[in-house]
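Worksheet for the structure shown next.
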Amino acid sequence: LQCLHPAAAAERREHLEWKVGPQGGLHFKAFNGSITVKSHAEDSVVLDSRLGVAGDADAAVLDAYGFDAKGELYKIKVQHNIERWNRTALSGYVVCGSTGEAALLSDDERRVLLEAARSATPRDRQLLMGAGAESTRQTLKRCADAKAAGADAVLVVAPHYYSNAMTGEALRTHYRAVADGSPVPVVLYNIPKYMHFALPAELVAELAESRCAP
């Protein structure tokens with residue numbers, strides 16, 4: 001994972017180090033404490049300091065949401081789950097990521113889900129929304145929708161249907177456009193298991209330097 005947001009380039013950023021934790025998740029060193037998130041071993045992180053991740057806490061990834069008898073999202077169940085997790089030391093939630101079956105949800109369902117999650121999430125906890133799409137335009141639309149529905153940041157997987165066309169220059173152009181146009185901080189989502197390629201380390205470093213450097 002990597003955070004980008006050009007509008008706040010002058011603000012202080014913190015780079016986080018990671019290691020595999022005892023439960024198989026990743027353990028991140030951040031600021032004066034640490035957070036543990038459910039993630040894939042190939043991910044790495046640099047977060048925008050405005051996200052406020054600090055101290056000892058966990059970040060939950062919302063899994064399958066459940067549907068009612070009519071096949072609609074079971075919003076009340078989502079809210080009840082978050083309300084239960086609110087009684088823990090979690091620092092925030094991610095909705096519409098890979099574990100949350102985002103690929104199976106329409107944009108309307110994504111919006112409904114985020115609104116339901118936001119209504120149950122206290123403002124002192126971060127709410128991240130999966131916003132990656134196969135086109136830059138669609139990704140930016142999802143970023144705007146995420147902002148409107150109350151997300152604090154967006155998680156953006158690279159376009160990958162035409163994976164052979166995803167050269168370093170294509171990815172650079174895409175992520176720079178997203179970073180420039182997103183109204184909220186952007187977290188790069190590197191997940192080769194589903195993308196069938198990895199974000200080049202040199203590109204991630206370049207984007208971090210140009211978009212997140214103090």
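Residues are named by chain letter and number: chains run A, B, ... in the order of the structure tokens, numbers start at 1 in each chain, and ligands are numbered from 1 in the order shown.
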Fill in: Distance query A:Ala158 at most 9 Å, only C-alpha atoms, self and fewer than 5 positions along chain excluded, as number ranges by chain
A: 132-134, 166, 171, 174-175, 188-191, 195, 199
Write the residues you've just listed into a file as a compact mmCIF listing (two decimals), in the first residue's frame, and include all heavy atoms for each of them.
```txt
# COMPACT_ATOMS: atom_id res chain seq x y z
N GLY A 132 -10.60 1.43 -6.88
CA GLY A 132 -9.90 1.10 -8.12
C GLY A 132 -10.84 0.63 -9.20
O GLY A 132 -11.86 0.00 -8.93
N ALA A 133 -10.52 0.96 -10.45
CA ALA A 133 -11.34 0.55 -11.60
C ALA A 133 -10.43 0.34 -12.79
O ALA A 133 -9.22 0.61 -12.73
CB ALA A 133 -12.40 1.60 -11.90
N GLU A 134 -11.00 -0.13 -13.89
CA GLU A 134 -10.20 -0.43 -15.08
C GLU A 134 -9.86 0.81 -15.91
O GLU A 134 -9.04 0.73 -16.81
CB GLU A 134 -10.92 -1.46 -15.95
CG GLU A 134 -10.95 -2.86 -15.35
CD GLU A 134 -9.55 -3.40 -15.09
OE1 GLU A 134 -8.68 -3.26 -15.97
OE2 GLU A 134 -9.32 -3.96 -14.00
N MET A 166 -0.12 -2.86 -19.01
CA MET A 166 0.17 -2.06 -17.82
C MET A 166 1.67 -1.88 -17.63
O MET A 166 2.29 -2.44 -16.72
CB MET A 166 -0.47 -2.69 -16.59
CG MET A 166 -1.99 -2.60 -16.57
SD MET A 166 -2.59 -0.89 -16.58
CE MET A 166 -3.06 -0.68 -18.31
N LEU A 171 1.07 2.88 -15.84
CA LEU A 171 0.72 2.94 -14.42
C LEU A 171 1.05 4.31 -13.83
O LEU A 171 0.29 4.86 -13.02
CB LEU A 171 1.45 1.85 -13.65
CG LEU A 171 1.02 0.42 -13.96
CD1 LEU A 171 2.00 -0.59 -13.37
CD2 LEU A 171 -0.39 0.16 -13.42
N HIS A 174 -1.59 6.77 -14.95
CA HIS A 174 -2.86 6.50 -14.26
C HIS A 174 -2.83 7.02 -12.83
O HIS A 174 -3.71 7.80 -12.42
CB HIS A 174 -3.12 5.00 -14.26
CG HIS A 174 -4.30 4.59 -13.44
ND1 HIS A 174 -5.61 4.84 -13.81
CD2 HIS A 174 -4.36 3.94 -12.24
CE1 HIS A 174 -6.43 4.38 -12.89
NE2 HIS A 174 -5.71 3.82 -11.93
N TYR A 175 -1.82 6.63 -12.06
CA TYR A 175 -1.80 6.99 -10.65
C TYR A 175 -1.55 8.48 -10.43
O TYR A 175 -2.07 9.06 -9.47
CB TYR A 175 -0.77 6.16 -9.90
CG TYR A 175 -1.31 4.81 -9.47
CD1 TYR A 175 -0.78 3.63 -9.97
CD2 TYR A 175 -2.36 4.74 -8.56
CE1 TYR A 175 -1.29 2.40 -9.56
CE2 TYR A 175 -2.87 3.52 -8.15
CZ TYR A 175 -2.33 2.35 -8.66
OH TYR A 175 -2.84 1.14 -8.26
N LEU A 188 -2.23 3.30 -2.63
CA LEU A 188 -1.95 2.34 -3.70
C LEU A 188 -2.15 0.93 -3.16
O LEU A 188 -1.64 0.59 -2.10
CB LEU A 188 -0.50 2.45 -4.19
CG LEU A 188 -0.06 3.74 -4.88
CD1 LEU A 188 1.33 3.54 -5.45
CD2 LEU A 188 -1.03 4.15 -5.95
N TYR A 189 -2.87 0.12 -3.92
CA TYR A 189 -3.15 -1.25 -3.49
C TYR A 189 -2.40 -2.20 -4.41
O TYR A 189 -2.77 -2.39 -5.57
CB TYR A 189 -4.65 -1.49 -3.57
CG TYR A 189 -5.13 -2.80 -2.99
CD1 TYR A 189 -4.36 -3.53 -2.11
CD2 TYR A 189 -6.39 -3.29 -3.32
CE1 TYR A 189 -4.81 -4.71 -1.57
CE2 TYR A 189 -6.86 -4.48 -2.78
CZ TYR A 189 -6.07 -5.19 -1.91
OH TYR A 189 -6.52 -6.36 -1.38
N ASN A 190 -1.35 -2.81 -3.89
CA ASN A 190 -0.51 -3.72 -4.65
C ASN A 190 -0.86 -5.15 -4.27
O ASN A 190 -0.51 -5.61 -3.19
CB ASN A 190 0.97 -3.45 -4.36
CG ASN A 190 1.89 -4.32 -5.18
OD1 ASN A 190 1.66 -4.53 -6.36
ND2 ASN A 190 2.94 -4.83 -4.56
N ILE A 191 -1.58 -5.86 -5.14
CA ILE A 191 -2.01 -7.21 -4.83
C ILE A 191 -1.84 -8.10 -6.06
O ILE A 191 -2.77 -8.35 -6.83
CB ILE A 191 -3.47 -7.22 -4.30
CG1 ILE A 191 -3.90 -8.63 -3.95
CG2 ILE A 191 -4.42 -6.52 -5.26
CD1 ILE A 191 -5.18 -8.69 -3.13
N MET A 195 -4.07 -8.95 -9.50
CA MET A 195 -3.64 -8.12 -10.62
C MET A 195 -2.86 -8.91 -11.66
O MET A 195 -2.79 -8.52 -12.82
CB MET A 195 -2.76 -6.96 -10.10
CG MET A 195 -3.51 -5.93 -9.28
SD MET A 195 -2.42 -4.88 -8.27
CE MET A 195 -1.10 -4.45 -9.40
N LEU A 199 3.14 -3.87 -8.75
CA LEU A 199 3.56 -2.50 -9.04
C LEU A 199 5.08 -2.45 -8.93
O LEU A 199 5.66 -2.89 -7.93
CB LEU A 199 2.94 -1.53 -8.04
CG LEU A 199 1.42 -1.37 -8.09
CD1 LEU A 199 0.96 -0.41 -6.99
CD2 LEU A 199 0.97 -0.88 -9.45
```
Worksheet entry | Secondary structure check, strand (DSSP E) residues of stretch 149-213 of chain A, as a ChimeraX atom specification | /A:153-157,186-189
Worksheet item: Taking into account only C-alpha atoms, which residue in the set A:Ser91, A:Gln79, A:Asn86, A:Ser98 is nearest to A:Ala117?
Response: A:Gln79
Fill in: Minimum-distance residue to A:Glu206, chosen among A:Arg123, A:Arg87, A:Lys193, A:Arg172 (using only C-alpha atoms)
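Counting only C-alpha atoms, the residue closest to A:Glu206 is A:Arg172.
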Discussion item. Calculated over only C-alpha atoms, which of the candidates A:Ala69, A:Ala144, A:Val157, A:Ala149 has the smallest distance to A:Ala103?
Written reply: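 Distance minimum relative to A:Ala103 lands on A:Val157.
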Worksheet item: What is the atom CA of A:Gly71 to atom CA of A:Glu101 distance in Å?
Response: 14.7 Å
Discussion item. Quick check for you: according to DSSP on this backbone, which residues of stretch 52-133 of chain A are classed as helix (DSSP H, G or I)? Reply as number ranges by chain.
Written reply: A: 75-85, 102-104, 107-120
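Atom pair atom CA of A:Leu155 / atom CA of A:Cys96 has a distance of 8.7 Å (rounded to one decimal).
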Worksheet entry | atom CA of A:Ala198 to atom CA of A:Ala177, distance in Å rounded to a single decimal |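 It comes out at 19.4 Å.
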Worksheet entry | Residues within 8 Å of A:Thr121, only C-alpha atoms, excluding chain neighbours under 5 positions, as a PyMOL selection string | chain A and resi 82-83+86+92+127
Saved selection, atoms kept: all heavy atoms, as a compact mmCIF listing (two decimals), in the first residue's frame:
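Below is the file that was written, result30.txt:
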```txt
# COMPACT_ATOMS: atom_id res chain seq x y z
N ILE A 82 -20.16 -3.22 12.54
CA ILE A 82 -19.28 -2.10 12.85
C ILE A 82 -19.51 -1.62 14.28
O ILE A 82 -18.55 -1.31 15.01
CB ILE A 82 -19.50 -0.95 11.85
CG1 ILE A 82 -19.05 -1.40 10.46
CG2 ILE A 82 -18.73 0.30 12.29
CD1 ILE A 82 -19.26 -0.36 9.38
N GLU A 83 -20.76 -1.54 14.69
CA GLU A 83 -21.06 -1.10 16.06
C GLU A 83 -20.42 -2.04 17.08
O GLU A 83 -19.95 -1.59 18.14
CB GLU A 83 -22.57 -1.03 16.25
CG GLU A 83 -23.20 0.15 15.50
CD GLU A 83 -24.70 0.05 15.42
OE1 GLU A 83 -25.27 -0.96 15.91
OE2 GLU A 83 -25.32 0.97 14.85
N ASN A 86 -16.77 -1.26 17.10
CA ASN A 86 -16.50 0.04 17.70
C ASN A 86 -16.18 -0.08 19.20
O ASN A 86 -15.63 0.86 19.78
CB ASN A 86 -17.71 0.97 17.53
CG ASN A 86 -17.83 1.51 16.12
OD1 ASN A 86 -16.87 1.50 15.35
ND2 ASN A 86 -19.01 1.99 15.77
N GLY A 92 -9.95 1.93 12.56
CA GLY A 92 -10.75 2.22 11.38
C GLY A 92 -11.11 0.97 10.60
O GLY A 92 -10.83 -0.15 11.02
N LEU A 127 -12.17 5.61 7.79
CA LEU A 127 -12.96 4.76 6.91
C LEU A 127 -12.39 4.87 5.50
O LEU A 127 -12.44 5.92 4.88
CB LEU A 127 -14.43 5.18 6.92
CG LEU A 127 -15.40 4.30 6.11
CD1 LEU A 127 -15.39 2.87 6.65
CD2 LEU A 127 -16.81 4.87 6.17
```
